[in-house]
$ cat final.txt   # compact mmCIF, C-alpha atoms
# COMPACT_ATOMS: atom_id res chain seq x y z
CA MET A 1 53.70 117.84 140.44
CA PRO A 2 56.07 114.88 139.99
CA PRO A 3 55.44 111.94 142.31
CA GLN A 4 57.32 111.88 145.58
CA SER A 5 60.46 109.79 145.40
CA PRO A 6 60.30 106.68 147.61
CA TYR A 7 64.02 106.98 148.25
CA GLU A 8 64.32 110.41 149.80
CA SER A 9 62.01 110.28 152.80
CA LEU A 10 63.67 110.97 156.14
CA PHE A 11 66.99 111.87 154.52
CA VAL A 12 69.20 114.29 156.41
CA ALA A 13 72.58 114.89 154.78
CA ARG A 14 75.40 116.60 156.60
CA GLN A 15 78.31 118.53 155.14
CA PRO A 16 81.49 119.29 157.08
CA VAL A 17 82.48 122.85 157.93
CA LEU A 18 86.27 123.12 158.20
CA ASP A 19 88.50 125.78 159.71
CA ASN A 20 91.63 127.23 158.12
CA ALA A 21 93.73 124.29 159.32
CA LEU A 22 91.16 121.89 157.77
CA ASN A 23 90.01 120.69 161.16
CA THR A 24 86.34 119.76 161.39
CA TRP A 25 84.59 122.69 163.09
CA GLY A 26 80.97 121.65 162.57
CA TYR A 27 78.41 120.26 160.15
CA PHE A 28 75.66 121.72 158.04
CA HIS A 29 72.54 119.55 158.26
CA TYR A 30 70.05 119.54 155.42
CA TYR A 31 66.71 117.87 155.00
CA ARG A 32 66.41 118.86 151.38
CA ARG A 33 67.95 121.13 148.78
CA CYS A 34 65.32 123.89 148.95
CA LEU A 35 61.80 124.51 150.17
CA GLU A 36 60.32 124.19 146.67
CA HIS A 37 61.92 120.80 145.96
CA THR A 38 59.10 118.58 144.66
CA TYR A 39 60.62 115.36 145.97
CA SER A 40 60.38 116.44 149.61
CA GLU A 41 58.11 114.63 152.00
CA PHE A 42 57.28 117.81 153.94
CA SER A 43 56.01 121.03 152.42
CA ASP A 44 56.18 122.77 155.82
CA PRO A 45 59.70 124.10 156.61
CA LEU A 46 59.03 123.74 160.33
CA GLN A 47 58.32 120.03 159.88
CA ALA A 48 61.50 119.66 157.83
CA THR A 49 63.44 121.33 160.65
CA LEU A 50 61.93 118.97 163.21
CA SER A 51 62.91 116.02 161.01
CA VAL A 52 66.52 117.20 160.94
CA ILE A 53 66.70 117.68 164.70
CA GLN A 54 65.12 114.29 165.41
CA CYS A 55 67.82 112.62 163.31
CA LEU A 56 70.79 114.35 164.96
CA PRO A 57 71.28 111.77 167.75
CA ALA A 58 72.07 109.20 165.04
CA CYS A 59 75.40 111.00 164.56
CA MET A 60 77.36 110.33 167.72
CA ASP A 61 79.49 113.46 167.55
CA THR A 62 77.00 115.90 166.07
CA CYS A 63 75.78 117.18 169.42
CA SER A 64 79.13 117.07 171.20
CA VAL A 65 81.70 119.74 171.84
CA PRO A 66 83.57 121.08 169.94
CA HIS A 67 81.54 120.46 166.78
CA LYS A 68 78.55 122.63 165.93
CA ALA A 69 75.37 121.53 164.16
CA LEU A 70 74.45 124.26 161.68
CA ILE A 71 70.74 124.10 160.86
CA HIS A 72 68.65 126.52 158.80
CA LEU A 73 65.79 127.51 161.10
CA PRO A 74 62.76 129.44 159.86
CA PRO A 75 61.36 132.22 162.11
CA GLN A 76 58.56 129.98 163.38
CA ALA A 77 61.06 127.38 164.58
CA LEU A 78 63.07 130.02 166.41
CA MET A 79 60.09 131.70 168.03
CA THR A 80 58.77 128.35 169.30
CA GLY A 81 62.06 127.63 171.09
CA ILE A 82 63.23 124.69 168.97
CA PRO A 83 66.97 125.47 169.37
CA LYS A 84 66.62 124.88 173.11
CA ALA A 85 66.09 121.18 172.40
CA LEU A 86 69.80 121.01 171.56
CA GLY A 87 71.48 123.69 173.64
CA PRO A 88 73.86 126.54 172.81
CA HIS A 89 76.97 124.34 172.79
CA CYS A 90 75.53 122.08 170.10
CA VAL A 91 73.48 124.07 167.61
CA LEU A 92 74.32 127.15 165.57
CA PRO A 93 71.01 128.41 164.17
CA VAL A 94 71.33 129.64 160.59
CA LEU A 95 68.97 132.50 159.78
CA ASP A 96 67.67 132.94 156.27
CA HIS A 97 67.32 136.34 154.66
CA HIS A 98 63.74 136.85 155.87
CA PRO A 99 62.33 140.38 156.18
CA VAL A 100 62.43 141.37 159.84
CA ASP A 101 58.82 142.55 159.95
CA ASP A 102 57.81 140.92 163.25
CA PRO A 103 59.27 142.55 166.39
CA ARG A 104 58.82 139.24 168.24
CA TYR A 105 61.33 137.60 165.87
CA LEU A 106 64.09 140.09 166.66
CA ALA A 107 63.27 139.84 170.38
CA THR A 108 63.55 136.04 170.18
CA LEU A 109 66.97 136.27 168.57
CA GLN A 110 68.19 138.71 171.20
CA ALA A 111 66.90 136.39 173.95
CA LEU A 112 68.76 133.45 172.41
CA ARG A 113 71.94 135.51 172.34
CA ALA A 114 71.46 136.33 176.03
CA GLU A 115 71.21 132.57 176.75
CA GLY A 116 74.55 131.89 175.09
CA TYR A 117 73.45 130.94 171.58
CA ARG A 118 75.53 132.12 168.64
CA LEU A 119 73.69 132.88 165.39
CA ALA A 120 74.63 132.83 161.72
CA LEU A 121 73.05 134.68 158.78
CA ASP A 122 72.97 133.22 155.28
CA LEU A 123 73.39 136.45 153.30
CA PRO A 124 72.45 136.18 149.61
CA GLN A 125 73.35 138.45 146.71
CA PRO A 126 73.03 141.35 146.32
CA PHE A 127 74.61 141.80 149.73
CA ASP A 128 72.51 144.00 152.02
CA MET A 129 75.06 145.50 154.40
CA GLU A 130 72.31 147.29 156.31
CA HIS A 131 70.26 144.21 157.11
CA PRO A 132 69.08 144.42 160.77
CA LEU A 133 70.00 140.78 161.45
CA LEU A 134 73.68 141.68 161.07
CA ASP A 135 73.38 143.29 164.52
CA VAL A 136 72.44 140.02 166.24
CA VAL A 137 74.57 137.41 164.46
CA ASP A 138 78.18 136.37 165.02
CA THR A 139 78.78 134.60 161.68
CA VAL A 140 77.81 135.50 158.13
CA ILE A 141 77.61 132.85 155.40
CA LEU A 142 78.47 133.92 151.86
CA ASP A 143 78.26 131.90 148.65
CA LEU A 144 81.66 131.29 147.04
CA ARG A 145 80.22 130.09 143.75
CA PRO A 146 78.90 133.27 142.10
CA PRO A 147 79.49 133.85 138.37
CA ASP A 148 82.09 136.53 139.08
CA SER A 149 83.12 137.30 142.64
CA GLU A 150 84.53 140.73 141.68
CA LYS A 151 81.35 141.88 139.91
CA CYS A 152 79.05 140.63 142.65
CA GLY A 153 80.94 142.61 145.27
CA LEU A 154 82.17 139.65 147.32
CA PRO A 155 85.56 141.17 148.26
CA GLN A 156 83.94 144.43 149.35
CA ALA A 157 81.23 142.62 151.34
CA ALA A 158 83.78 140.39 153.06
CA ALA A 159 85.93 143.35 154.03
CA ALA A 160 82.95 145.29 155.40
CA LEU A 161 81.72 142.34 157.44
CA LYS A 162 85.19 141.69 158.88
CA ARG A 163 85.37 145.35 159.96
CA ARG A 164 82.18 144.76 161.93
CA GLY A 165 83.91 141.96 163.82
CA LEU A 166 81.88 139.16 162.21
CA HIS A 167 83.18 135.70 161.38
CA LEU A 168 82.87 134.65 157.74
CA LEU A 169 81.82 131.20 156.54
CA ALA A 170 82.23 130.39 152.84
CA LYS A 171 79.75 127.91 151.42
CA ARG A 172 79.91 126.03 148.12
CA VAL A 173 83.69 125.96 148.16
CA GLU A 174 84.11 123.40 145.41
CA THR A 175 87.78 123.78 144.46
CA HIS A 176 91.09 124.48 146.15
CA GLU A 177 91.27 127.72 144.13
CA ALA A 178 87.98 128.82 145.71
CA ALA A 179 89.34 127.92 149.15
CA ASP A 180 92.46 130.03 148.48
CA LEU A 181 90.25 132.93 147.39
CA ALA A 182 88.20 132.65 150.58
CA ARG A 183 91.34 132.65 152.73
CA SER A 184 92.64 135.74 150.93
CA LEU A 185 89.33 137.50 151.68
CA GLY A 186 89.53 136.69 155.38
CA PHE A 187 87.06 133.82 155.65
CA ASP A 188 87.40 131.74 158.82
CA LEU A 189 85.33 128.67 157.90
CA PHE A 190 84.74 126.66 154.74
CA ALA A 191 81.93 124.36 153.62
CA GLY A 192 81.99 122.49 150.34
CA HIS A 193 83.64 119.55 148.69
CA PHE A 194 87.05 121.05 147.93
CA PHE A 195 88.57 118.99 150.77
CA ARG A 196 87.74 115.71 149.04
CA GLU A 197 89.49 116.80 145.82
CA PRO A 198 93.17 115.83 145.48
CA VAL A 199 95.90 118.43 145.23
CA THR A 200 98.15 117.29 142.40
CA LEU A 201 101.84 117.48 143.30
CA CYS A 202 104.44 117.20 140.58
CA GLN A 203 106.10 113.77 140.55
CA ARG A 204 104.37 112.76 143.79
CA LYS A 205 105.50 109.24 144.72
CA VAL A 206 104.15 106.77 147.23
CA SER A 207 106.43 106.88 150.27
CA ALA A 208 107.85 103.74 151.86
CA ALA A 209 105.41 104.02 154.77
CA GLU A 210 102.45 104.53 152.43
CA SER A 211 103.58 101.60 150.30
CA THR A 212 103.69 99.33 153.36
CA ARG A 213 100.18 100.34 154.33
CA LEU A 214 98.86 99.89 150.79
CA THR A 215 100.43 96.43 150.64
CA LEU A 216 98.61 95.45 153.83
CA LEU A 217 95.43 97.05 152.48
CA ASP A 218 95.77 94.95 149.33
CA LEU A 219 95.98 91.80 151.45
CA LEU A 220 92.91 92.91 153.38
CA SER A 221 91.03 93.24 150.09
CA LEU A 222 90.89 89.45 149.80
CA SER A 223 87.64 87.87 150.95
CA GLU A 224 89.54 85.52 153.30
CA PRO A 225 93.32 85.92 153.25
CA PRO A 226 95.42 83.06 154.66
CA THR A 227 95.71 83.48 158.42
CA ASP A 228 99.48 82.98 158.49
CA GLN A 229 100.08 85.48 155.69
CA LEU A 230 97.80 88.06 157.31
CA ALA A 231 99.32 87.58 160.77
CA THR A 232 102.82 87.98 159.33
CA ALA A 233 101.86 91.22 157.57
CA ILE A 234 100.30 92.66 160.72
CA GLU A 235 103.16 91.56 162.97
CA ALA A 236 105.63 93.27 160.63
CA ASP A 237 104.16 96.61 161.70
CA ALA A 238 104.55 97.21 165.44
CA SER A 239 102.04 100.06 165.44
CA VAL A 240 99.33 98.02 163.75
CA SER A 241 100.02 94.99 165.95
CA TYR A 242 99.76 97.06 169.12
CA ARG A 243 96.47 98.63 168.09
CA VAL A 244 94.98 95.31 166.98
CA LEU A 245 95.64 93.81 170.41
CA THR A 246 94.54 96.96 172.27
CA MET A 247 91.34 97.23 170.27
CA LEU A 248 90.35 93.58 170.57
CA ASN A 249 90.92 93.62 174.32
CA SER A 250 88.62 96.63 174.70
CA ALA A 251 84.98 96.55 175.74
CA HIS A 252 83.98 97.48 172.18
CA PHE A 253 84.71 93.97 170.92
CA GLY A 254 83.59 92.23 174.12
CA LEU A 255 85.67 89.06 173.71
CA LEU A 256 85.36 86.58 176.58
CA LYS A 257 89.11 86.10 176.94
CA LYS A 258 92.13 88.33 176.61
CA VAL A 259 93.92 88.27 173.27
CA SER A 260 97.69 87.88 173.52
CA SER A 261 98.80 87.38 169.91
CA VAL A 262 97.86 88.56 166.44
CA ARG A 263 97.04 85.02 165.28
CA GLN A 264 94.77 84.53 168.27
CA ALA A 265 93.12 87.86 167.48
CA ILE A 266 92.31 86.79 163.93
CA VAL A 267 90.80 83.51 165.08
CA LEU A 268 88.79 84.82 168.05
CA SER A 269 87.38 88.01 166.56
CA GLY A 270 86.12 86.58 163.29
CA TRP A 271 87.28 87.76 159.91
CA VAL A 272 84.19 89.77 158.93
CA GLN A 273 84.32 92.04 161.97
CA LEU A 274 88.10 92.30 162.14
CA SER A 275 88.57 92.97 158.42
CA ALA A 276 86.24 95.97 158.39
CA TRP A 277 88.04 97.51 161.36
CA LEU A 278 91.51 96.75 159.99
CA ARG A 279 90.73 98.22 156.58
CA VAL A 280 89.56 101.49 158.06
CA MET A 281 92.46 101.62 160.52
CA VAL A 282 95.11 100.94 157.87
CA LEU A 283 93.51 103.43 155.51
CA GLY A 284 93.66 106.03 158.28
CA ASP A 285 97.36 105.29 158.72
CA VAL A 286 98.07 106.08 155.07
CA ASN A 287 97.56 109.77 155.87
CA PRO A 288 96.87 110.72 159.51
CA SER A 289 96.07 114.39 158.81
CA THR A 290 92.90 116.01 160.07
CA LYS A 291 91.68 116.38 156.49
CA ALA A 292 92.20 112.65 155.96
CA ARG A 293 90.31 111.84 159.15
CA GLU A 294 87.19 113.46 157.73
CA LEU A 295 87.73 111.71 154.42
CA LEU A 296 88.24 108.43 156.28
CA HIS A 297 84.84 108.76 157.93
CA LEU A 298 83.22 109.53 154.58
CA SER A 299 84.99 106.56 152.96
CA ALA A 300 83.95 104.18 155.75
CA GLN A 301 80.37 105.45 155.59
CA ARG A 302 80.25 104.96 151.81
CA ALA A 303 81.66 101.46 152.18
CA LYS A 304 79.04 100.33 154.70
CA PHE A 305 76.28 102.14 152.79
CA PHE A 306 77.05 100.19 149.63
CA GLU A 307 77.42 96.92 151.52
CA ILE A 308 74.04 97.25 153.26
CA LEU A 309 72.29 98.16 150.01
CA ALA A 310 73.93 95.27 148.18
CA VAL A 311 72.43 92.84 150.68
CA ALA A 312 69.05 94.62 150.69
CA SER A 313 68.82 94.47 146.89
CA GLY A 314 69.75 90.79 146.56
CA ARG A 315 73.37 91.44 145.54
CA ARG A 316 75.01 89.74 148.51
CA ALA A 317 77.74 88.33 146.26
CA GLN A 318 78.77 91.91 145.38
CA ALA A 319 78.70 93.23 148.95
CA GLU A 320 82.43 92.75 149.56
CA SER A 321 83.41 94.42 146.28
CA LEU A 322 81.05 97.33 146.84
CA PHE A 323 82.41 97.81 150.36
CA LEU A 324 85.89 98.21 148.87
CA LEU A 325 84.50 100.58 146.22
CA GLY A 326 83.29 102.95 148.91
CA LEU A 327 86.35 102.55 151.11
CA PHE A 328 88.84 103.29 148.33
CA SER A 329 86.80 105.95 146.55
CA LEU A 330 88.49 108.94 148.22
CA LEU A 331 92.09 107.70 148.18
CA PRO A 332 93.17 110.36 145.63
CA ALA A 333 92.11 113.13 148.01
CA MET A 334 93.71 111.37 150.99
CA LEU A 335 97.04 110.86 149.22
CA ASP A 336 96.91 113.83 146.82
CA MET A 337 97.66 111.45 143.96
CA PRO A 338 95.74 110.33 140.87
CA MET A 339 93.78 107.12 141.31
CA PRO A 340 95.63 105.11 138.57
CA ALA A 341 98.94 105.61 140.38
CA ILE A 342 97.41 104.41 143.65
CA LEU A 343 95.78 101.37 142.07
CA GLU A 344 99.19 100.12 140.91
CA LYS A 345 99.60 98.99 144.53
CA LEU A 346 96.21 97.25 144.78
CA SER A 347 95.00 94.04 143.14
CA LEU A 348 91.39 94.84 142.25
CA ASP A 349 89.10 93.43 139.60
CA ASP A 350 88.57 95.37 136.38
CA ASP A 351 85.03 96.59 137.16
CA LEU A 352 86.12 97.97 140.52
CA ARG A 353 89.23 99.54 139.05
CA SER A 354 87.25 101.21 136.24
CA ALA A 355 84.67 102.66 138.64
CA LEU A 356 87.37 104.09 140.91
CA CYS A 357 89.08 105.71 137.92
CA GLY A 358 85.83 107.31 136.78
CA GLU A 359 85.49 105.07 133.74
CA PRO A 360 82.25 103.29 132.68
CA SER A 361 81.59 100.36 134.99
CA PRO A 362 78.66 98.40 136.45
CA HIS A 363 79.63 100.05 139.75
CA SER A 364 79.54 103.65 138.49
CA SER A 365 75.96 104.32 139.60
CA TRP A 366 76.84 103.48 143.21
CA LEU A 367 79.44 106.22 143.42
CA ALA A 368 77.16 108.62 141.57
CA MET A 369 74.42 107.97 144.13
CA ALA A 370 76.74 108.58 147.10
CA GLN A 371 78.02 111.82 145.60
CA ALA A 372 74.48 113.00 144.87
CA ILE A 373 73.49 112.45 148.52
CA GLU A 374 76.57 114.25 149.81
CA ASP A 375 75.82 117.18 147.46
CA THR A 376 72.11 117.11 148.51
CA ARG A 377 71.03 116.50 144.89
CA TRP A 378 67.99 114.43 145.81
CA ASP A 379 66.58 114.12 142.30
CA ASP A 380 69.87 112.69 140.99
CA MET A 381 70.06 110.37 144.00
CA ALA A 382 66.53 109.11 143.33
CA GLN A 383 67.36 108.43 139.69
CA CYS A 384 70.47 106.43 140.64
CA ALA A 385 68.42 104.41 143.13
CA LEU A 386 65.85 103.64 140.44
CA ASP A 387 68.59 102.69 137.96
CA LEU A 388 70.04 100.26 140.52
CA GLY A 389 66.62 98.79 141.30
CA LEU A 390 66.95 99.40 145.02
CA PRO A 391 63.98 98.50 147.26
CA THR A 392 61.73 101.35 148.36
CA GLY A 393 62.95 102.94 151.58
CA SER A 394 66.26 101.04 151.57
CA VAL A 395 68.46 104.03 150.69
CA SER A 396 67.55 106.22 153.66
CA THR A 397 67.63 103.23 156.03
CA ALA A 398 71.06 102.14 154.78
CA TYR A 399 72.42 105.68 154.83
CA ASN A 400 71.40 106.27 158.42
CA ALA A 401 72.74 102.87 159.52
CA SER A 402 76.04 103.40 157.71
CA PHE A 403 76.59 106.74 159.42
CA GLN A 404 76.03 105.23 162.83
CA TRP A 405 78.41 102.39 161.93
CA ALA A 406 81.13 104.77 160.73
CA ASP A 407 80.70 106.99 163.80
CA THR A 408 80.97 103.99 166.11
CA LEU A 409 83.96 102.57 164.28
CA LEU A 410 85.99 105.77 164.18
CA THR A 411 85.14 106.63 167.77
CA ALA A 412 86.48 103.22 168.82
CA LEU A 413 89.63 103.49 166.71
CA PRO A 414 92.74 104.48 168.71
CA HIS A 415 94.02 107.82 167.48
CA ASN A 416 97.62 106.66 167.51
CA GLY A 417 98.79 109.99 168.76
CA HIS A 418 97.29 111.89 165.85
CA SER A 419 94.80 114.68 166.20
CA ASN A 420 91.27 113.64 165.56
CA GLY A 421 89.88 115.90 162.87
CA HIS A 422 86.67 113.96 162.92
CA GLY A 423 86.21 113.74 166.65
CA ASN A 424 83.39 111.88 165.87
CA GLY A 425 81.96 110.90 164.30
CA GLU A 426 80.66 114.54 157.79
CA ARG A 427 80.96 113.96 159.20
CA SER A 428 77.30 114.06 155.48
CA GLY A 429 74.79 112.41 157.47
CA SER A 430 71.69 111.69 159.01

$ encode --input "final.txt" --output "C-alpha cells"
Amino acid sequence: MPPQSPYESLFVARQPVLDNALNTWGYFHYYRRCLEHTYSEFSDPLQATLSVIQCLPACMDTCSVPHKALIHLPPQALMTGIPKALGPHCVLPVLDHHPVDDPRYLATLQALRAEGYRLALDLPQPFDMEHPLLDVVDTVILDLRPPDSEKCGLPQAAAALKRRGLHLLAKRVETHEAADLARSLGFDLFAGHFFREPVTLCQRKVSAAESTRLTLLDLLSLSEPPTDQLATAIEADASVSYRVLTMLNSAHFGLLKKVSSVRQAIVLSGWVQLSAWLRVMVLGDVNPSTKARELLHLSAQRAKFFEILAVASGRRAQAESLFLLGLFSLLPAMLDMPMPAILEKLSLDDDLRSALCGEPSPHSSWLAMAQAIEDTRWDDMAQCALDLGLPTGSVSTAYNASFQWADTLLTALPHNGHSNGHGNGERSGS
C-alpha cells in the first residue's frame, strides 16, 4: 500500500449544488474520493463521516438556512443517529446503494423522515427502479458523465423517477452541454464544475462598467498604490465609495473613530486589510449574478489559500502575486470571456499572465493543486504539494483557514442590492 500522503489529512472539500437559476442550493461535502482511496487517513467510513461533520462549523453558511449540507452517510452512521447532530434544516443525508438487508436500517430512515429529515439516494448504473430506498427518499442523484446517456438508460430513468414525484440531482455536470441535457431531462439540481467554465459569446466586449471596475482592479494589483491615485479612483465610483465608508464604519473592522472620507479610510484601515477587501468587492461588482457570487467565493478562497501557503513555505515575496493568481483565476467564467481578452485590461507580470492563460509558468502548479482539491483528486493534490515543496500539514491547514477567511469576508461584504447566491459563505471546503 502506498504511504499515506502528509498533505491530505483532515481534508474536507465541498462542491456547490446549484438550482436551475444557478443559485446556490447546498453543498456536497467529501472527506475523500472513495472508500478504497489509499491516501485516506481513515479506513472506517464512519470515522470519515465524523471527520466531515466535525469540520462543518468552519464554513459559516454550511449549517444555515437555506443551504443544505449533503453528506454521504453509511448505514451505521444513520442508525447511530449522527444526522441529529446537525438537524433536518441543515443536513441532507445521502444514501449509498447498499442492499437493504437490515430491517432496522429501513426503520431508521422512516423515523428520520417522520422527524422532518429529507433523504437522497445516490443511484448508480444500471438503474434499479425497484430499489426499496426509492420509497423513503425525496431526491435521487444520477451521474451525468456516463459513456453514453442514451445507452445507459438515463432519459428513461429520469422520466420514471419524475413520475414518482422525486426530485433529481445531476452530479458530475462538467460542461454547459451536460447542464442543458440535465435540464431537458427534468433535473432540478446540478453539481459539478460547469458553472466555473465560461460561456463563449460571439464578439463579447468588456462593457463600460466592467472596464471601470477592471481599471480599479488593476490599480489594486499594485503592492502599494499611491494614496491620492487610489482615493481618486475610488471616489470616482459613488457605489464603491459608499460601501468603503459603510464597511469601515462597521463593527467588522472595529476602527476606534468614524471614517468620513476615502482618504481617511485608506490611512486608518491599513493597506493590507483594505486591499484584500477592496479587491474582492470590486471583483464582485464586475458581475453581480448569483453564479458570479459563488465564483467570487471560490476565487477569494483560492487567493488566501495561495497566500497562506506562500508564507508557510518561505515564499513571502511571492505571496502578493499568488494572491492575485487565485483571485483572478476564475475571471473567464465570471465574465464569459477568454482570459487573454480580460488581461488586456490588467498590468500583470509575465509569469502570472502565463499561468492565468494556462501556459507553462512557475505558478502553474498552484492552480493545478487548487483544481485537484476542488475536484477531490487527492492523489493529484498530493503530487502538486510535493512538487511545490510545501511543509507537511500546511495544505489542509491553509485550506481550512482560507475558507473561513472567504466566508467571513463575503458575509461582511454589503450585497449592494444584489441577490446573494453564496449566502455564505463552495461554497469547496472544509

$ closest_residue --input "final.txt" --among "A:His29, A:Arg104, A:His67, A:Arg377" --to "Met79 (chain A)" --atoms "only C-alpha atoms"
A:Arg104

$ closest_residue --input "final.txt" --among "A:Val94, A:Val140, A:Leu161, A:Leu219" --to "Lys345 (chain A)" --atoms "all atoms listed in the file"
A:Leu219

$ closest_residue --input "final.txt" --among "A:Leu230, A:Ala182, A:Val137, A:Leu278" --to "Leu327 (chain A)" --atoms "all atoms listed in the file"
A:Leu278

$ atom_distance --input "final.txt" --atom1 "CA of Leu274 (chain A)" --atom2 "CA of Leu390 (chain A)"
28.1 Å

$ atom_distance --input "final.txt" --atom1 "CA of Thr80 (chain A)" --atom2 "CA of Pro103 (chain A)"
14.5 Å

$ residues_near_point --input "final.txt" --point "(87.1, 125.9, 154.4)" --cutoff "7 Å" --atoms "all atoms listed in the file" --output "number ranges by chain"
A: 17-20, 22, 170, 179, 189-191

$ residues_near_point --input "final.txt" --point "(74.1, 132.2, 155.9)" --cutoff "12 Å" --atoms "all atoms listed in the file" --output "VMD selection string"
chain A and resid 28 70 to 73 92 to 98 119 to 125 127 133 to 134 137 to 144 167 to 172 189 191

$ closest_residue --input "final.txt" --among "A:Leu296, A:Val282, A:Leu388, A:Ala265" --to "Leu330 (chain A)" --atoms "all atoms listed in the file"
A:Leu296

$ atom_distance --input "final.txt" --atom1 "CA of Thr392 (chain A)" --atom2 "CA of Ile308 (chain A)"
13.9 Å

$ residues_around --input "final.txt" --residues "Leu309 (chain A)" --least-positions-apart "5" --cutoff "12 Å" --atoms "all atoms listed in the file" --output "VMD selection string"
chain A and resid 302 to 304 314 to 320 322 to 323 366 369 to 370 385 388 to 402

$ residues_around --input "final.txt" --residues "Asp180 (chain A)" --least-positions-apart "2" --cutoff "12 Å" --atoms "only C-alpha atoms" --output "PyMOL selection string"
chain A and resi 20+144+170+173-178+182-190+194-195

$ write_last_selection --input "final.txt" --atoms "C-alpha atoms" --output "PDB file, keeping the file's coordinate frame"
ATOM      1  CA  ASN A  20      91.630 127.230 158.120  1.00  0.00           C
ATOM      2  CA  LEU A 144      81.660 131.290 147.040  1.00  0.00           C
ATOM      3  CA  ALA A 170      82.230 130.390 152.840  1.00  0.00           C
ATOM      4  CA  VAL A 173      83.690 125.960 148.160  1.00  0.00           C
ATOM      5  CA  GLU A 174      84.110 123.400 145.410  1.00  0.00           C
ATOM      6  CA  THR A 175      87.780 123.780 144.460  1.00  0.00           C
ATOM      7  CA  HIS A 176      91.090 124.480 146.150  1.00  0.00           C
ATOM      8  CA  GLU A 177      91.270 127.720 144.130  1.00  0.00           C
ATOM      9  CA  ALA A 178      87.980 128.820 145.710  1.00  0.00           C
ATOM     10  CA  ALA A 182      88.200 132.650 150.580  1.00  0.00           C
ATOM     11  CA  ARG A 183      91.340 132.650 152.730  1.00  0.00           C
ATOM     12  CA  SER A 184      92.640 135.740 150.930  1.00  0.00           C
ATOM     13  CA  LEU A 185      89.330 137.500 151.680  1.00  0.00           C
ATOM     14  CA  GLY A 186      89.530 136.690 155.380  1.00  0.00           C
ATOM     15  CA  PHE A 187      87.060 133.820 155.650  1.00  0.00           C
ATOM     16  CA  ASP A 188      87.400 131.740 158.820  1.00  0.00           C
ATOM     17  CA  LEU A 189      85.330 128.670 157.900  1.00  0.00           C
ATOM     18  CA  PHE A 190      84.740 126.660 154.740  1.00  0.00           C
ATOM     19  CA  PHE A 194      87.050 121.050 147.930  1.00  0.00           C
ATOM     20  CA  PHE A 195      88.570 118.990 150.770  1.00  0.00           C
TER      21      PHE A 195
END

$ closest_residue --input "final.txt" --among "A:Gly326, A:Pro338, A:Pro155, A:Pro332" --to "Leu367 (chain A)" --atoms "only C-alpha atoms"
A:Gly326

$ residues_around --input "final.txt" --residues "Pro362 (chain A)" --least-positions-apart "4" --cutoff "9 Å" --atoms "all atoms listed in the file" --output "number ranges by chain"
A: 351-352, 355, 366

$ closest_residue --input "final.txt" --among "A:Leu331, A:His363, A:Met129, A:Cys384" --to "Asp350 (chain A)" --atoms "all atoms listed in the file"
A:His363
